[in-house]
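J.: Got a file for you: query04.cif, mmCIF, C-alpha atoms.
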data_upload
loop_
_atom_site.group_PDB
_atom_site.id
_atom_site.type_symbol
_atom_site.label_atom_id
_atom_site.label_comp_id
_atom_site.auth_asym_id
_atom_site.auth_seq_id
_atom_site.Cartn_x
_atom_site.Cartn_y
_atom_site.Cartn_z
ATOM 1 C CA VAL A 1 106.432 130.046 82.751
ATOM 2 C CA ASN A 2 106.698 128.724 79.207
ATOM 3 C CA ASN A 3 106.509 125.051 78.225
ATOM 4 C CA ASN A 4 110.281 124.701 77.808
ATOM 5 C CA GLU A 5 110.832 125.679 81.431
ATOM 6 C CA LEU A 6 108.242 123.116 82.534
ATOM 7 C CA ILE A 7 109.850 120.149 80.777
ATOM 8 C CA THR A 8 113.551 121.054 80.415
ATOM 9 C CA PHE A 9 115.939 120.920 83.401
ATOM 10 C CA SER A 10 119.605 121.822 83.719
ATOM 11 C CA PRO A 11 122.116 119.556 85.528
ATOM 12 C CA SER A 12 121.979 121.780 88.622
ATOM 13 C CA GLN A 13 118.163 121.730 88.636
ATOM 14 C CA VAL A 14 118.135 117.936 88.366
ATOM 15 C CA GLY A 15 120.470 117.641 91.349
ATOM 16 C CA GLU A 16 118.570 120.136 93.486
ATOM 17 C CA MET A 17 115.156 118.654 92.694
ATOM 18 C CA THR A 18 116.315 115.091 93.326
ATOM 19 C CA VAL A 19 117.861 115.970 96.701
ATOM 20 C CA ALA A 20 114.659 117.804 97.682
ATOM 21 C CA HIS A 21 112.602 114.759 96.677
ATOM 22 C CA VAL A 22 114.786 112.371 98.711
ATOM 23 C CA GLU A 23 114.671 114.708 101.707
ATOM 24 C CA GLU A 24 110.883 114.596 101.519
ATOM 25 C CA LEU A 25 110.994 110.780 101.468
ATOM 26 C CA LYS A 26 113.322 110.826 104.476
ATOM 27 C CA LYS A 27 110.908 113.039 106.428
ATOM 28 C CA ASN A 28 108.017 110.720 105.555
ATOM 29 C CA PRO A 29 109.443 107.160 105.448
ATOM 30 C CA ASN A 30 105.980 105.621 105.719
ATOM 31 C CA SER A 31 104.473 107.699 102.929
ATOM 32 C CA GLY A 32 103.059 106.108 99.824
ATOM 33 C CA VAL A 33 100.157 103.725 99.353
ATOM 34 C CA ARG A 34 100.552 100.174 100.615
ATOM 35 C CA ALA A 35 98.427 97.226 99.581
ATOM 36 C CA GLY A 36 97.505 96.341 103.148
ATOM 37 C CA ILE A 37 98.331 92.676 102.412
ATOM 38 C CA GLN A 38 101.172 91.650 104.705
ATOM 39 C CA GLU A 39 103.195 89.348 102.459
ATOM 40 C CA LEU A 40 102.650 91.445 99.330
ATOM 41 C CA ASP A 41 103.815 94.607 101.111
ATOM 42 C CA LYS A 42 107.092 92.854 101.968
ATOM 43 C CA TYR A 43 107.924 92.699 98.254
ATOM 44 C CA MET A 44 106.081 95.653 96.771
ATOM 45 C CA LEU A 45 107.545 99.106 97.208
ATOM 46 C CA PRO A 46 104.947 101.636 98.376
ATOM 47 C CA MET A 47 102.903 103.053 95.515
ATOM 48 C CA ARG A 48 104.025 106.666 95.219
ATOM 49 C CA PRO A 49 103.090 109.694 93.110
ATOM 50 C CA GLY A 50 103.885 108.885 89.490
ATOM 51 C CA ASP A 51 103.302 105.132 89.832
ATOM 52 C CA LEU A 52 101.023 103.411 87.320
ATOM 53 C CA VAL A 53 99.987 100.033 88.741
ATOM 54 C CA MET A 54 98.222 97.416 86.629
ATOM 55 C CA VAL A 55 96.180 94.503 87.996
ATOM 56 C CA ILE A 56 95.680 91.805 85.334
ATOM 57 C CA GLY A 57 93.261 88.885 85.624
ATOM 58 C CA ARG A 58 90.545 86.929 83.884
ATOM 59 C CA PRO A 59 86.855 87.770 84.583
ATOM 60 C CA SER A 60 85.513 86.935 88.063
ATOM 61 C CA ASN A 61 88.975 86.587 89.556
ATOM 62 C CA PHE A 62 88.655 89.392 92.145
ATOM 63 C CA LYS A 63 90.426 92.213 90.290
ATOM 64 C CA THR A 64 87.836 94.666 91.584
ATOM 65 C CA GLY A 65 87.989 93.022 95.007
ATOM 66 C CA LEU A 66 91.760 93.469 95.207
ATOM 67 C CA ALA A 67 91.392 97.124 94.216
ATOM 68 C CA PHE A 68 88.680 97.622 96.859
ATOM 69 C CA SER A 69 90.856 95.930 99.465
ATOM 70 C CA ILE A 70 93.758 98.285 98.693
ATOM 71 C CA ALA A 71 91.410 101.289 98.579
ATOM 72 C CA LYS A 72 89.964 100.420 101.989
ATOM 73 C CA SER A 73 93.457 100.086 103.466
ATOM 74 C CA GLN A 74 94.352 103.520 102.120
ATOM 75 C CA CYS A 75 91.107 104.958 103.513
ATOM 76 C CA ASP A 76 92.038 103.485 106.896
ATOM 77 C CA ALA A 77 95.482 105.125 106.642
ATOM 78 C CA ILE A 78 93.909 108.498 105.753
ATOM 79 C CA LYS A 79 91.589 108.303 108.772
ATOM 80 C CA PHE A 80 94.432 107.172 111.068
ATOM 81 C CA ARG A 81 96.553 110.152 109.989
ATOM 82 C CA LYS A 82 93.495 112.430 110.339
ATOM 83 C CA GLU A 83 93.953 113.849 106.841
ATOM 84 C CA GLU A 84 90.540 115.444 106.569
ATOM 85 C CA ASN A 85 90.885 116.516 102.931
ATOM 86 C CA SER A 86 92.593 113.400 101.518
ATOM 87 C CA VAL A 87 90.524 111.002 99.404
ATOM 88 C CA VAL A 88 90.650 107.851 97.290
ATOM 89 C CA VAL A 89 88.826 107.955 93.932
ATOM 90 C CA TYR A 90 87.301 104.836 92.392
ATOM 91 C CA ALA A 91 86.256 105.244 88.738
ATOM 92 C CA THR A 92 84.169 102.394 87.348
ATOM 93 C CA TRP A 93 82.700 101.509 83.984
ATOM 94 C CA GLU A 94 81.697 98.027 85.131
ATOM 95 C CA THR A 95 79.243 98.648 87.965
ATOM 96 C CA ALA A 96 76.707 101.323 88.844
ATOM 97 C CA VAL A 97 77.567 103.685 91.671
ATOM 98 C CA GLU A 98 74.750 102.161 93.755
ATOM 99 C CA GLU A 99 76.225 98.689 93.302
ATOM 100 C CA SER A 100 79.688 99.894 94.335
ATOM 101 C CA GLY A 101 78.100 101.578 97.332
ATOM 102 C CA LEU A 102 76.339 98.378 98.303
ATOM 103 C CA ILE A 103 79.710 96.686 98.832
ATOM 104 C CA ALA A 104 80.606 99.341 101.397
ATOM 105 C CA LEU A 105 77.205 99.449 103.089
ATOM 106 C CA THR A 106 77.018 95.669 103.584
ATOM 107 C CA SER A 107 80.623 95.224 104.696
ATOM 108 C CA GLY A 108 81.150 93.689 108.113
ATOM 109 C CA ASN A 109 77.603 94.185 109.445
ATOM 110 C CA GLY A 110 76.062 90.772 108.740
ATOM 111 C CA LEU A 111 73.890 91.863 105.807
ATOM 112 C CA ASN A 112 73.553 89.398 102.953
ATOM 113 C CA ARG A 113 74.438 91.107 99.652
ATOM 114 C CA THR A 114 72.924 88.333 97.564
ATOM 115 C CA ASN A 115 69.580 88.577 99.334
ATOM 116 C CA ILE A 116 69.548 92.359 99.008
ATOM 117 C CA LEU A 117 70.218 92.152 95.254
ATOM 118 C CA ARG A 118 67.230 89.770 95.058
ATOM 119 C CA GLY A 119 65.097 92.294 96.932
ATOM 120 C CA ILE A 120 64.914 90.098 100.036
ATOM 121 C CA ILE A 121 65.453 92.543 102.910
ATOM 122 C CA THR A 122 63.718 92.952 106.258
ATOM 123 C CA ASP A 123 62.883 96.194 108.036
ATOM 124 C CA GLU A 124 65.699 95.432 110.483
ATOM 125 C CA ASP A 125 68.114 94.955 107.572
ATOM 126 C CA MET A 126 66.991 98.291 106.167
ATOM 127 C CA GLU A 127 67.757 100.068 109.435
ATOM 128 C CA ILE A 128 71.245 98.528 109.504
ATOM 129 C CA LEU A 129 71.767 99.637 105.893
ATOM 130 C CA LYS A 130 70.714 103.210 106.702
ATOM 131 C CA ASP A 131 73.077 103.297 109.689
ATOM 132 C CA SER A 132 75.869 102.066 107.404
ATOM 133 C CA ALA A 133 75.037 104.852 104.940
ATOM 134 C CA ILE A 134 75.610 107.396 107.715
ATOM 135 C CA LEU A 135 78.969 105.789 108.504
ATOM 136 C CA ARG A 136 79.801 105.859 104.773
ATOM 137 C CA THR A 137 79.835 109.665 104.937
ATOM 138 C CA LYS A 138 83.026 109.400 107.007
ATOM 139 C CA GLU A 139 84.737 107.117 104.474
ATOM 140 C CA PRO A 140 87.148 109.160 102.293
ATOM 141 C CA MET A 141 86.289 107.362 99.042
ATOM 142 C CA TRP A 142 84.697 109.148 96.094
ATOM 143 C CA ILE A 143 83.163 107.168 93.228
ATOM 144 C CA VAL A 144 83.090 108.240 89.581
ATOM 145 C CA GLY A 145 80.734 106.309 87.325
ATOM 146 C CA HIS A 146 77.206 105.858 86.087
ATOM 147 C CA SER A 147 74.217 105.924 88.424
ATOM 148 C CA VAL A 148 70.958 104.018 88.127
ATOM 149 C CA ALA A 149 69.203 107.115 89.496
ATOM 150 C CA HIS A 150 70.622 109.299 86.692
ATOM 151 C CA ARG A 151 70.441 106.719 83.926
ATOM 152 C CA LYS A 152 68.295 108.814 81.559
ATOM 153 C CA GLU A 153 70.557 111.861 81.534
ATOM 154 C CA ARG A 154 73.888 110.142 82.085
ATOM 155 C CA PRO A 155 76.771 111.602 80.072
ATOM 156 C CA ASN A 156 79.260 109.623 78.003
ATOM 157 C CA LEU A 157 81.966 108.356 80.338
ATOM 158 C CA ASP A 158 85.373 108.485 78.632
ATOM 159 C CA ILE A 159 88.934 109.157 79.745
ATOM 160 C CA GLU A 160 88.398 112.910 79.333
ATOM 161 C CA SER A 161 85.422 112.657 81.708
ATOM 162 C CA ILE A 162 87.674 111.067 84.321
ATOM 163 C CA VAL A 163 90.181 113.912 84.058
ATOM 164 C CA ASN A 164 87.309 116.406 84.442
ATOM 165 C CA ALA A 165 86.026 114.484 87.470
ATOM 166 C CA MET A 166 89.457 114.683 89.123
ATOM 167 C CA GLU A 167 89.475 118.438 88.518
ATOM 168 C CA TYR A 168 86.019 118.647 90.110
ATOM 169 C CA ILE A 169 87.151 116.692 93.175
ATOM 170 C CA GLU A 170 90.256 118.848 93.581
ATOM 171 C CA GLY A 171 88.032 121.914 93.125
ATOM 172 C CA ASN A 172 86.109 120.703 96.191
ATOM 173 C CA GLY A 173 89.302 121.104 98.216
ATOM 174 C CA LYS A 174 90.285 117.429 98.201
ATOM 175 C CA GLU A 175 93.777 115.981 97.793
ATOM 176 C CA ILE A 176 93.652 112.748 95.780
ATOM 177 C CA LYS A 177 95.863 110.034 97.291
ATOM 178 C CA LEU A 178 94.905 107.129 95.013
ATOM 179 C CA ILE A 179 92.902 106.660 91.797
ATOM 180 C CA ILE A 180 91.458 103.311 90.678
ATOM 181 C CA ILE A 181 90.278 102.718 87.098
ATOM 182 C CA ASP A 182 87.928 99.712 86.639
ATOM 183 C CA TYR A 183 88.684 98.629 83.985
ATOM 184 C CA LEU A 184 91.051 99.467 81.126
ATOM 185 C CA GLN A 185 89.332 97.741 78.189
ATOM 186 C CA LEU A 186 86.005 99.460 78.944
ATOM 187 C CA VAL A 187 87.407 103.006 78.970
ATOM 188 C CA GLN A 188 86.452 105.019 75.890
ATOM 189 C CA ALA A 189 88.190 107.922 74.157
ATOM 190 C CA LYS A 190 87.175 110.073 71.217
ATOM 191 C CA GLY A 191 88.646 109.451 67.771
ATOM 192 C CA PHE A 192 89.693 105.790 68.059
ATOM 193 C CA SER A 193 88.220 102.915 66.076
ATOM 194 C CA ASP A 194 91.095 100.449 66.578
ATOM 195 C CA LYS A 195 90.936 98.770 70.003
ATOM 196 C CA GLY A 196 94.696 98.362 70.352
ATOM 197 C CA SER A 197 95.328 102.046 69.662
ATOM 198 C CA LEU A 198 92.509 103.017 72.019
ATOM 199 C CA VAL A 199 93.906 100.960 74.905
ATOM 200 C CA ALA A 200 97.412 102.310 74.283
ATOM 201 C CA HIS A 201 96.050 105.879 74.339
ATOM 202 C CA VAL A 202 94.093 105.312 77.553
ATOM 203 C CA THR A 203 97.166 103.733 79.177
ATOM 204 C CA GLN A 204 99.221 106.807 78.328
ATOM 205 C CA GLU A 205 96.472 109.109 79.604
ATOM 206 C CA CYS A 206 96.504 107.202 82.892
ATOM 207 C CA LYS A 207 100.271 107.677 83.039
ATOM 208 C CA ASN A 208 99.735 111.387 82.484
ATOM 209 C CA MET A 209 97.216 111.471 85.332
ATOM 210 C CA VAL A 210 99.594 109.944 87.888
ATOM 211 C CA LEU A 211 101.970 112.826 87.231
ATOM 212 C CA ARG A 212 99.275 115.485 86.985
ATOM 213 C CA TYR A 213 97.615 114.584 90.291
ATOM 214 C CA ALA A 214 100.789 113.416 92.077
ATOM 215 C CA CYS A 215 99.257 110.138 93.193
ATOM 216 C CA PRO A 216 99.432 106.483 92.099
ATOM 217 C CA ILE A 217 96.780 105.016 89.818
ATOM 218 C CA ILE A 218 95.687 101.374 89.890
ATOM 219 C CA VAL A 219 94.250 100.257 86.537
ATOM 220 C CA LEU A 220 92.391 96.950 86.309
ATOM 221 C CA CYS A 221 92.986 94.997 83.124
ATOM 222 C CA GLN A 222 91.296 91.999 81.498
ATOM 223 C CA ALA A 223 93.601 89.065 80.701
ATOM 224 C CA ARG A 224 93.479 87.217 77.371
ATOM 225 C CA ARG A 225 91.493 83.971 76.944
ATOM 226 C CA GLU A 226 94.728 82.076 76.242
ATOM 227 C CA VAL A 227 95.369 82.121 79.993
ATOM 228 C CA ASP A 228 92.478 79.634 80.346
ATOM 229 C CA LEU A 229 94.443 77.027 78.376
ATOM 230 C CA ARG A 230 97.095 76.716 81.091
ATOM 231 C CA GLU A 231 97.054 74.408 84.088
ATOM 232 C CA PHE A 232 98.242 77.111 86.490
ATOM 233 C CA ARG A 233 96.229 80.094 85.301
ATOM 234 C CA LEU A 234 97.923 82.959 87.055
ATOM 235 C CA PRO A 235 98.466 85.504 84.231
ATOM 236 C CA ARG A 236 101.822 87.057 83.291
ATOM 237 C CA TYR A 237 102.422 90.751 82.726
ATOM 238 C CA GLY A 238 102.159 90.237 78.947
ATOM 239 C CA ASP A 239 98.724 88.578 79.159
ATOM 240 C CA GLY A 240 96.561 91.713 79.061
ATOM 241 C CA MET A 241 94.178 92.177 76.116
ATOM 242 C CA TRP A 242 95.540 94.720 73.557
ATOM 243 C CA THR A 243 98.057 95.815 76.139
ATOM 244 C CA SER A 244 101.624 95.787 74.816
ATOM 245 C CA GLU A 245 101.736 99.414 75.991
ATOM 246 C CA ILE A 246 101.214 98.241 79.578
ATOM 247 C CA GLU A 247 104.491 96.347 79.641
ATOM 248 C CA HIS A 248 106.333 99.608 79.010
ATOM 249 C CA ALA A 249 104.178 102.164 80.842
ATOM 250 C CA ALA A 250 103.357 100.330 84.084
ATOM 251 C CA ASP A 251 105.658 100.769 87.062
ATOM 252 C CA LYS A 252 104.163 97.775 88.852
ATOM 253 C CA ILE A 253 102.107 94.874 87.504
ATOM 254 C CA LEU A 254 100.097 92.542 89.729
ATOM 255 C CA THR A 255 98.273 89.493 88.394
ATOM 256 C CA VAL A 256 95.488 87.547 90.103
ATOM 257 C CA TRP A 257 93.918 84.094 89.866
ATOM 258 C CA MET A 258 91.187 82.411 91.890
ATOM 259 C CA PRO A 259 91.524 78.639 91.284
ATOM 260 C CA LYS A 260 87.796 78.132 91.970
ATOM 261 C CA THR A 261 87.057 79.609 88.512
ATOM 262 C CA SER A 262 88.609 76.555 86.849
ATOM 263 C CA ILE A 263 89.266 73.907 89.511
ATOM 264 C CA PRO A 264 86.457 72.241 91.541
ATOM 265 C CA GLU A 265 86.510 72.786 95.288
ATOM 266 C CA GLY A 266 88.711 70.243 97.068
ATOM 267 C CA VAL A 267 90.731 69.379 93.953
ATOM 268 C CA GLU A 268 94.476 69.944 94.174
ATOM 269 C CA VAL A 269 95.895 73.045 92.492
ATOM 270 C CA PRO A 270 98.315 71.772 89.792
ATOM 271 C CA LEU A 271 102.036 72.433 89.323
ATOM 272 C CA LEU A 272 102.773 73.228 92.955
ATOM 273 C CA ARG A 273 105.747 71.654 94.717
ATOM 274 C CA THR A 274 104.946 68.917 97.216
ATOM 275 C CA ASP A 275 105.668 71.133 100.234
ATOM 276 C CA TYR A 276 103.267 73.805 98.905
ATOM 277 C CA LYS A 277 100.310 71.633 97.848
ATOM 278 C CA ILE A 278 96.864 73.107 98.415
ATOM 279 C CA ASP A 279 93.300 72.323 97.347
ATOM 280 C CA SER A 280 91.022 74.714 95.504
ATOM 281 C CA SER A 281 88.581 76.560 97.757
ATOM 282 C CA PRO A 282 86.022 79.358 97.226
ATOM 283 C CA ASP A 283 88.132 81.996 98.991
ATOM 284 C CA LEU A 284 91.608 81.070 97.693
ATOM 285 C CA ILE A 285 93.480 83.642 95.590
ATOM 286 C CA PHE A 286 96.984 83.867 94.132
ATOM 287 C CA ILE A 287 98.542 87.292 93.583
ATOM 288 C CA ALA A 288 101.801 87.744 91.674
ATOM 289 C CA MET A 289 104.123 90.742 91.828
ATOM 290 C CA ASP A 290 105.103 90.258 88.192
ATOM 291 C CA LYS A 291 106.836 93.566 87.403
ATOM 292 C CA GLN A 292 108.236 96.296 89.599
ATOM 293 C CA ARG A 293 110.398 99.185 88.497
ATOM 294 C CA TRP A 294 113.246 99.709 90.975
ATOM 295 C CA GLY A 295 112.345 96.600 92.958
ATOM 296 C CA GLY A 296 112.198 92.811 92.900
ATOM 297 C CA ALA A 297 109.461 90.908 91.107
ATOM 298 C CA GLN A 298 108.325 87.369 90.232
ATOM 299 C CA ASN A 299 106.911 86.864 93.716
ATOM 300 C CA ILE A 300 103.705 84.901 94.349
ATOM 301 C CA ILE A 301 101.397 85.390 97.318
ATOM 302 C CA LYS A 302 98.703 82.924 98.378
ATOM 303 C CA ALA A 303 95.896 84.508 100.355
ATOM 304 C CA THR A 304 92.251 84.144 101.318
ATOM 305 C CA ILE A 305 89.358 86.492 100.620
ATOM 306 C CA ASP A 306 86.919 87.711 103.239
ATOM 307 C CA PHE A 307 83.886 88.285 101.017
ATOM 308 C CA ASP A 308 81.969 89.893 103.864
ATOM 309 C CA THR A 309 84.414 92.803 104.204
ATOM 310 C CA TYR A 310 85.984 92.605 100.712
ATOM 311 C CA ARG A 311 89.422 92.315 102.306
ATOM 312 C CA ILE A 312 92.298 89.996 101.493
ATOM 313 C CA LYS A 313 93.807 88.292 104.537
ATOM 314 C CA GLY A 314 95.892 85.310 105.608
ATOM 315 C CA SER A 315 98.623 85.986 103.049
ATOM 316 C CA GLU A 316 101.527 83.579 102.632
ATOM 317 C CA ASP A 317 104.672 83.708 100.494
ATOM 318 C CA TYR A 318 104.404 81.158 97.674
ATOM 319 C CA SER A 319 107.301 82.460 95.554
ATOM 320 C CA ARG A 320 109.053 79.059 95.570
ATOM 321 C CA ALA A 321 105.871 77.051 95.159
ATOM 322 C CA LEU A 322 105.700 76.524 91.413
ATOM 323 C CA VAL A 323 107.512 73.625 89.820
ATOM 324 C CA THR A 324 107.790 75.409 86.444
ATOM 325 C CA GLY A 325 107.788 79.111 87.372
ATOM 326 C CA ILE A 326 105.019 81.681 86.939
ATOM 327 C CA GLY A 327 102.650 81.134 84.022
#
Using the file provided, produce a representation of the structure as structure tokens.
T.:
Amino acid sequence: VNNNELITFSPSQVGEMTVAHVEELKKNPNSGVRAGIQELDKYMLPMRPGDLVMVIGRPSNFKTGLAFSIAKSQCDAIKFRKEENSVVVYATWETAVEESGLIALTSGNGLNRTNILRGIITDEDMEILKDSAILRTKEPMWIVGHSVAHRKERPNLDIESIVNAMEYIEGNGKEIKLIIIDYLQLVQAKGFSDKGSLVAHVTQECKNMVLRYACPIIVLCQARREVDLREFRLPRYGDGMWTSEIEHAADKILTVWMPKTSIPEGVEVPLLRTDYKIDSSPDLIFIAMDKQRWGGAQNIIKATIDFDTYRIKGSEDYSRALVTGIG
């Protein structure tokens, strides 16, 4: 098959392929990746093969946590459907593999992550951790990133490395259902000195990957500092750093804000209508569905974070809450 036949389609081919695609959707109405957050899933169409999903937020606003929450929900769905060869892939530039693993191994078993990171751990804690490590072998989540154990011989981790890692995972007989990239501005690529051009290139490479591996990709993205000048600091889809390309390439854009990063606990969150007033708290998060191709957008979800399990729960529709609109 030559390249022309791979990218050029006649009217009859378009019709046949589209009908076949819709028939597949009809046979599997519950296919696609869902966020696992009740109110958000009401608005957000399932993430399907070909979808590039961006999550934009300022530092320490639970971008990684949201991605982990979605990844865990997809892992649960894989196990429920007994898809033995299906996996989620989490690629990180921000944390070591051991640190990412610690989130999983201390989830829901009473272990204190902060104490462990300080080296404060009892023999009993260690036994619980080892048992959790055995359970982790049944979790269909692969991690791509740097390891503390391999720090001296670690290779350069760029976007090409991620593509090679996906090939390696598929070569192990796995079907990739979801890829998470954490995060966009840290991803490197050869031959770029200008940050804007680099980010645009990486964004396009991520878009290529969603088509190549027939699965959605969630890409985490740092928001600009200007967001911190607002009273209501939930970012908009245009607030990513060096990311004009995102506005065009992304099929869905979510934005996140934890009021605790700028508002003291117990102080009222500003710009909310009287019937939606709420005080800042350590586990409060706002999530906006700010762009969605083929579906509605501009929806805001208020939810709470369970830091023990790294899950988002207690979601509530806050789409009508803001006096002045998003941003």
J.: So, counting only C-alpha atoms, which residue among A:Lys190, A:His150, A:Lys291, A:Lys177 is closest to Ser73 of chain A?
T.: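 Closest to Ser73 of chain A of all the choices is A:Lys177.
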J.: Would you give the centre and edge lengths, in Å to one decimal, of a box along x, y and z around the listed atoms of segment 52-60 of chain A, with 4 Å added to each side, as JSON?
T.:
{"center_x": 93.3, "center_y": 95.2, "center_z": 86.3, "size_x": 23.5, "size_y": 24.5, "size_z": 12.9}
J.: What do you get, as an MDAnalysis selection string, if you spell out every residue that the PyMOL selection byres ((chain A and resi 100) around 12) selects here?
T.: chainID A and resid 64:65 68 90:99 101:107 113 141:148 182 310
J.: Looking at all atoms listed in the file, which of A:Asn208, A:Asn172, A:Thr122, A:Asn61 is the one that sits closest to Met258 of chain A?
T.: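 Once distances to Met258 of chain A are computed over all atoms listed in the file, the minimum belongs to A:Asn61.
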J.: What gap, in Å, lies between atom CA of Tyr183 of chain A and atom CA of Val219 of chain A?
T.: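 A separation of 6.3 Å between them.
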J.: Could you tell me which of A:Leu6, A:Ala20, A:Leu66, A:Ile181 comes closest to Ile285 of chain A if we count all atoms listed in the file?
T.: A:Leu66
J.: I'd like the contact shell of Asp279 of chain A - 8 Å cut-off, all atoms listed in the file, skipping same-chain residues fewer than 3 positions apart - returned as a PyMOL selection string.
T.: chain A and resi 265-269
J.: Would you pick out the contacts of Glu84 of chain A at 10 Å or less, using all atoms listed in the file, so that residues sharing its chain but fewer than 4 positions from it are not included, and give the list as a short mmCIF file (atom, residue, chain, number, x, y, z; two decimals) with C-alpha atoms, keeping the file's coordinate frame?
T.:
data_model
loop_
_atom_site.label_atom_id
_atom_site.label_comp_id
_atom_site.auth_asym_id
_atom_site.auth_seq_id
_atom_site.Cartn_x
_atom_site.Cartn_y
_atom_site.Cartn_z
CA ILE A 78 93.91 108.50 105.75
CA LYS A 79 91.59 108.30 108.77
CA LYS A 138 83.03 109.40 107.01
CA PRO A 140 87.15 109.16 102.29
CA LYS A 174 90.28 117.43 98.20
CA GLU A 175 93.78 115.98 97.79
#
J.: Of the candidates A:Leu184, A:Ala200, A:Ile37, A:Leu117, which shows the shortest atom-to-atom distance to Ala303 of chain A, using all atoms listed in the file?
T.: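 Closest to Ala303 of chain A of all the choices is A:Ile37.
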J.: I'd like to see the residues matched by the PyMOL selection byres ((chain A and resi 163) around 12) on this file, and ideally I'd get them as a list in words.
T.: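 Here the PyMOL selection byres ((chain A and resi 163) around 12) matches Val89, Ala91, Val144, Leu157, Asp158, Ile159, Glu160, Ser161, Ile162, Asn164, Ala165, Met166, Glu167, Tyr168, Ile169, Glu170, Ile179, Ile181, Ala189, Val202, Glu205, Cys206, Lys207, Asn208, Met209, Val210, Arg212 and Tyr213 of chain A.
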J.: List the residues matched by the PyMOL selection byres ((chain A and resi 246-249) around 8) in the displayed structure as a ChimeraX atom specification, ordered by chain and then by residue number.
T.: /A:52,54,200,203-204,207,237-238,243-245,250-251
J.: Mind checking which residues fall within 9 Å of Asp283 of chain A, counting only C-alpha atoms, ignoring those fewer than 4 positions away in the same chain, and posting them as a PDB file with C-alpha atoms, in the frame of the given file?
T.:
ATOM      1  CA  MET A 258      91.187  82.411  91.890  1.00  0.00           C
ATOM      2  CA  LYS A 260      87.796  78.132  91.970  1.00  0.00           C
ATOM      3  CA  ALA A 303      95.896  84.508 100.355  1.00  0.00           C
ATOM      4  CA  THR A 304      92.251  84.144 101.318  1.00  0.00           C
ATOM      5  CA  ILE A 305      89.358  86.492 100.620  1.00  0.00           C
ATOM      6  CA  ASP A 306      86.919  87.711 103.239  1.00  0.00           C
ATOM      7  CA  PHE A 307      83.886  88.285 101.017  1.00  0.00           C
TER       8      PHE A 307
END
J.: So how far away is atom CA of Tyr43 of chain A from atom CA of Lys82 of chain A, in Å?
T.: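 Separation of atom CA of Lys82 of chain A and atom CA of Tyr43 of chain A: 27.3 Å.
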J.: Report, in Å with one decimal, the straight-line distance from atom CA of Gln74 of chain A to atom CA of Val33 of chain A.
T.: 6.4 Å
J.: Give the answer as one residue: which of A:Pro282, A:Pro264, A:Pro216, A:Gly108 has the shortest atom-to-atom distance to Ser60 of chain A, using all atoms listed in the file?
T.: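 Smallest distance to Ser60 of chain A is found for A:Pro282.
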J.: Would you list the contacts of Pro46 of chain A as a PDB file with C-alpha atoms, keeping the file's coordinate frame, taking every protein, DNA or RNA residue within 10 Å and counting all atoms listed in the file, but skipping same-chain residues closer than 6 positions in sequence?
T.:
ATOM      1  CA  ASN A  30     105.980 105.621 105.719  1.00  0.00           C
ATOM      2  CA  SER A  31     104.473 107.699 102.929  1.00  0.00           C
ATOM      3  CA  GLY A  32     103.059 106.108  99.824  1.00  0.00           C
ATOM      4  CA  VAL A  33     100.157 103.725  99.353  1.00  0.00           C
ATOM      5  CA  ARG A  34     100.552 100.174 100.615  1.00  0.00           C
ATOM      6  CA  ALA A  35      98.427  97.226  99.581  1.00  0.00           C
ATOM      7  CA  PRO A 216      99.432 106.483  92.099  1.00  0.00           C
TER       8      PRO A 216
END
